[in-house]
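Comments concern the structure below.
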Amino acid sequence: MKFCQHCAAPVVHHIPPGDDKLRYCCLQCDVVFYENPRNIVGTLPVLGDRVLLCRRAIEPRYGLWTLPAGFLENGETTLQGAIRETLEEAGAVVLPEDCSLYTLFNLPDINQVYFFFLATLRHEDFHPGVESLEVALLREDEIPWDELAFSVVRVTLEQYFADRRDTRFPVRMFDLRHTPQRQLQATLTSSSSASDSIIPVPAAS
Ligand SMILES: [Zn+2]
C-alpha cells in the first residue's frame with residue numbers, strides 16, 4: 001500500500017501511538033489502515049459414499065484437486081459464501097439445511113482462516129465452473145491423495161473418512177504452521193468430540 005484510499009496522500013508504515021504493530025497510516029487524514037486475516041469458505045459435498053472434488057483450472061496449484069472454496073465476500077455469512085463457491089466452482093446446489101460446520105483452520109503464517117461445511121448433496125447434478133477443469137464424485141479409494149491442492153483439503157478429507165467409520169462428525173479446529181523444515185503441520189486445537197485429544201498450543205509470544 002502506497003497511497004491513502006481517502007485522500008491519495010502517501011501513507012507511512014509505522015507503529016501508531018498506543019499500538020504495538022506496524023500499520024499503514026495516512027498522516028493527512030489521521031487514518032490507520034488495519035490489515036487482518038482473510039476468510040476462505042467452502043464445502044465438503046457428499047453424496048452417498050462419494051465426495052465431490054474439483055480440479056483447479058487456475059493458479060496456484062493448477063490441475064490439482066480441491067474442495068469448492070473461495071474468499072468470503074463482504075455482506076455474506078460464512079455459510080452463504082460456502083454455498084456460493086460450491087455453485088460457482090462445481091455447479092452444485094447445496095441447501096443451508098443440508099450443511100453443518102465441520103473444519104476450521106487457522107493459518108497464521110499466511111494470514112488466512114478456512115471454514116469448511118459438510119454438505120449433503122441431494123442430486124448427482126454438477127458441472128465445472130470457470131475455475132475448474134473437471135468436477136467428480138469420488139469414493140475413498142479413488143481420492144487422488146498425491147494430487148490434492150492444499151493441506152486444508154487433505155486434512156478435511158482424512159477427518160471425513162475417519163469420522164464416517166465412526167458415524168459421527170464433530171466440529172474440529174486445526175492450526176496449520178510451517179515447521180523449521182518448511183513442512184506444513186496441522187495441530188488439532190479444538191473439537192466438539194470429547195474423545196478427541198487436544199494438544200495444548202503455546203500462546204504466541
Ligand atoms: Zn488520507
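Residue names in the C-alpha cells use chain letters A, B, ... in the order shown, residue numbers from 1 in each chain, and ligand numbers from 1 in the order shown.
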
>> Please find the residues contacting ligand 1 at a distance of at most 6 Å between atoms, with only C-alpha atoms and all ligand atoms counted, and report them as an MDAnalysis selection string.
In response: chainID A and resid 4 6:9 26 28:29

Which range 8-66 of chain A residues have any atom within 7 Å of an atom of range 86-108 of chain A, and for each, what is the nearest pair of atoms with distance in Å to one decimal, counting only C-alpha atoms, rows sorted by chain and number, as JSON lines?
```
{"residue": "A:Gly42", "atom": "CA", "partner": "A:Thr86", "partner_atom": "CA", "distance": 6.9}
{"residue": "A:Thr43", "atom": "CA", "partner": "A:Thr86", "partner_atom": "CA", "distance": 6.7}
{"residue": "A:Cys54", "atom": "CA", "partner": "A:Ala90", "partner_atom": "CA", "distance": 6.6}
```

Close residues, Ala69 in chain A itself excluded, 9 Å, only C-alpha atoms, min 6 positions apart in chain, as an mmCIF file with C-alpha atoms, in the first residue's frame:
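Writing the result to around.cif gives the following:
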```
data_model
loop_
_atom_site.group_PDB
_atom_site.id
_atom_site.type_symbol
_atom_site.label_atom_id
_atom_site.label_comp_id
_atom_site.auth_asym_id
_atom_site.auth_seq_id
_atom_site.Cartn_x
_atom_site.Cartn_y
_atom_site.Cartn_z
ATOM 1 C CA ILE A 40 -11.882 -18.657 2.935
ATOM 2 C CA VAL A 41 -15.117 -20.641 2.951
ATOM 3 C CA GLY A 42 -16.032 -23.914 1.274
ATOM 4 C CA THR A 43 -17.888 -27.195 1.467
ATOM 5 C CA GLY A 81 -20.190 -17.851 0.927
ATOM 6 C CA ALA A 82 -19.502 -21.588 1.064
ATOM 7 C CA ILE A 83 -22.761 -22.360 -0.782
ATOM 8 C CA ARG A 84 -21.982 -19.688 -3.410
ATOM 9 C CA GLU A 85 -18.483 -21.055 -4.013
ATOM 10 C CA THR A 86 -19.882 -24.587 -4.375
ATOM 11 C CA GLU A 89 -16.819 -23.854 -8.877
ATOM 12 C CA TYR A 114 -10.566 -21.532 6.388
ATOM 13 C CA PHE A 115 -14.102 -22.754 7.152
ATOM 14 C CA PHE A 116 -15.415 -25.985 5.605
#
```

>> as a ChimeraX atom specification, please: every residue in range 54-170 of chain A that a backbone DSSP assignment puts in helix (DSSP H, G or I).
In response: /A:78-90,96-98,140-142,145-147,151-166

Restricting the output to C-alpha atoms, write the selected residues as a CSV table (one decimal), in the first residue's frame.
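The resulting again.csv:
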```csv
chain,number,residue,atom,x,y,z
A,78,THR,CA,-19.6,-17.9,6.1
A,79,LEU,CA,-22.3,-20.5,5.1
A,80,GLN,CA,-23.7,-18.3,2.3
A,81,GLY,CA,-20.2,-17.9,0.9
A,82,ALA,CA,-19.5,-21.6,1.1
A,83,ILE,CA,-22.8,-22.4,-0.8
A,84,ARG,CA,-22.0,-19.7,-3.4
A,85,GLU,CA,-18.5,-21.1,-4.0
A,86,THR,CA,-19.9,-24.6,-4.4
A,87,LEU,CA,-22.3,-23.4,-7.1
A,88,GLU,CA,-19.6,-21.3,-8.8
A,89,GLU,CA,-16.8,-23.9,-8.9
A,90,ALA,CA,-18.8,-27.1,-9.0
A,96,PRO,CA,-28.3,-24.4,4.0
A,97,GLU,CA,-30.3,-27.0,6.0
A,98,ASP,CA,-28.0,-29.7,4.4
A,140,GLU,CA,-12.4,-43.0,-0.7
A,141,ASP,CA,-10.3,-45.4,-2.8
A,142,GLU,CA,-10.5,-43.0,-5.7
A,145,TRP,CA,-4.1,-38.2,-2.4
A,146,ASP,CA,-0.9,-37.2,-4.2
A,147,GLU,CA,-2.7,-34.6,-6.3
A,151,SER,CA,-3.2,-29.2,3.2
A,152,VAL,CA,-6.6,-28.0,4.5
A,153,VAL,CA,-8.3,-30.2,1.8
A,154,ARG,CA,-6.2,-33.2,2.8
A,155,VAL,CA,-6.9,-32.9,6.5
A,156,THR,CA,-10.6,-32.3,5.9
A,157,LEU,CA,-10.8,-35.4,3.7
A,158,GLU,CA,-8.8,-37.5,6.2
A,159,GLN,CA,-11.1,-36.4,9.0
A,160,TYR,CA,-14.2,-37.2,7.0
A,161,PHE,CA,-13.3,-40.7,6.0
A,162,ALA,CA,-12.2,-41.5,9.6
A,163,ASP,CA,-15.4,-39.9,11.0
A,164,ARG,CA,-17.5,-41.9,8.6
A,165,ARG,CA,-16.2,-45.1,10.0
A,166,ASP,CA,-17.3,-43.8,13.5
```

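The spacing separating CA of Phe3 in chain A from CA of Leu72 in chain A amounts to 25.3 Å.
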
> DSSP on the backbone: what in range 98-154 of chain A comes out strand (DSSP E or B), as a PyMOL selection string?
Replying inline: chain A and resi 99-107+112-120+132-138+148

>> Residues near Arg23 in chain A, anyone? I mean within 6 Å using only C-alpha atoms, not counting same-chain ones fewer than 3 positions away, as an MDAnalysis selection string.
In response: chainID A and resid 13:15

For those residues, write C-alpha atoms to a file as a compact mmCIF listing (two decimals), in the first residue's frame.
```
# COMPACT_ATOMS: atom_id res chain seq x y z
CA HIS A 13 4.36 2.34 7.55
CA HIS A 14 4.91 2.78 11.26
CA ILE A 15 3.67 1.79 14.71
```

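Across the model, the gap from CA of Thr66 in chain A to CA of Phe150 in chain A is 7.0 Å.
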
>> Residues near Arg38 in chain A, anyone? I mean within 8 Å using only C-alpha atoms, not counting same-chain ones fewer than 2 positions away, as a PyMOL selection string.
In response: chain A and resi 36+40+71-72+111-113
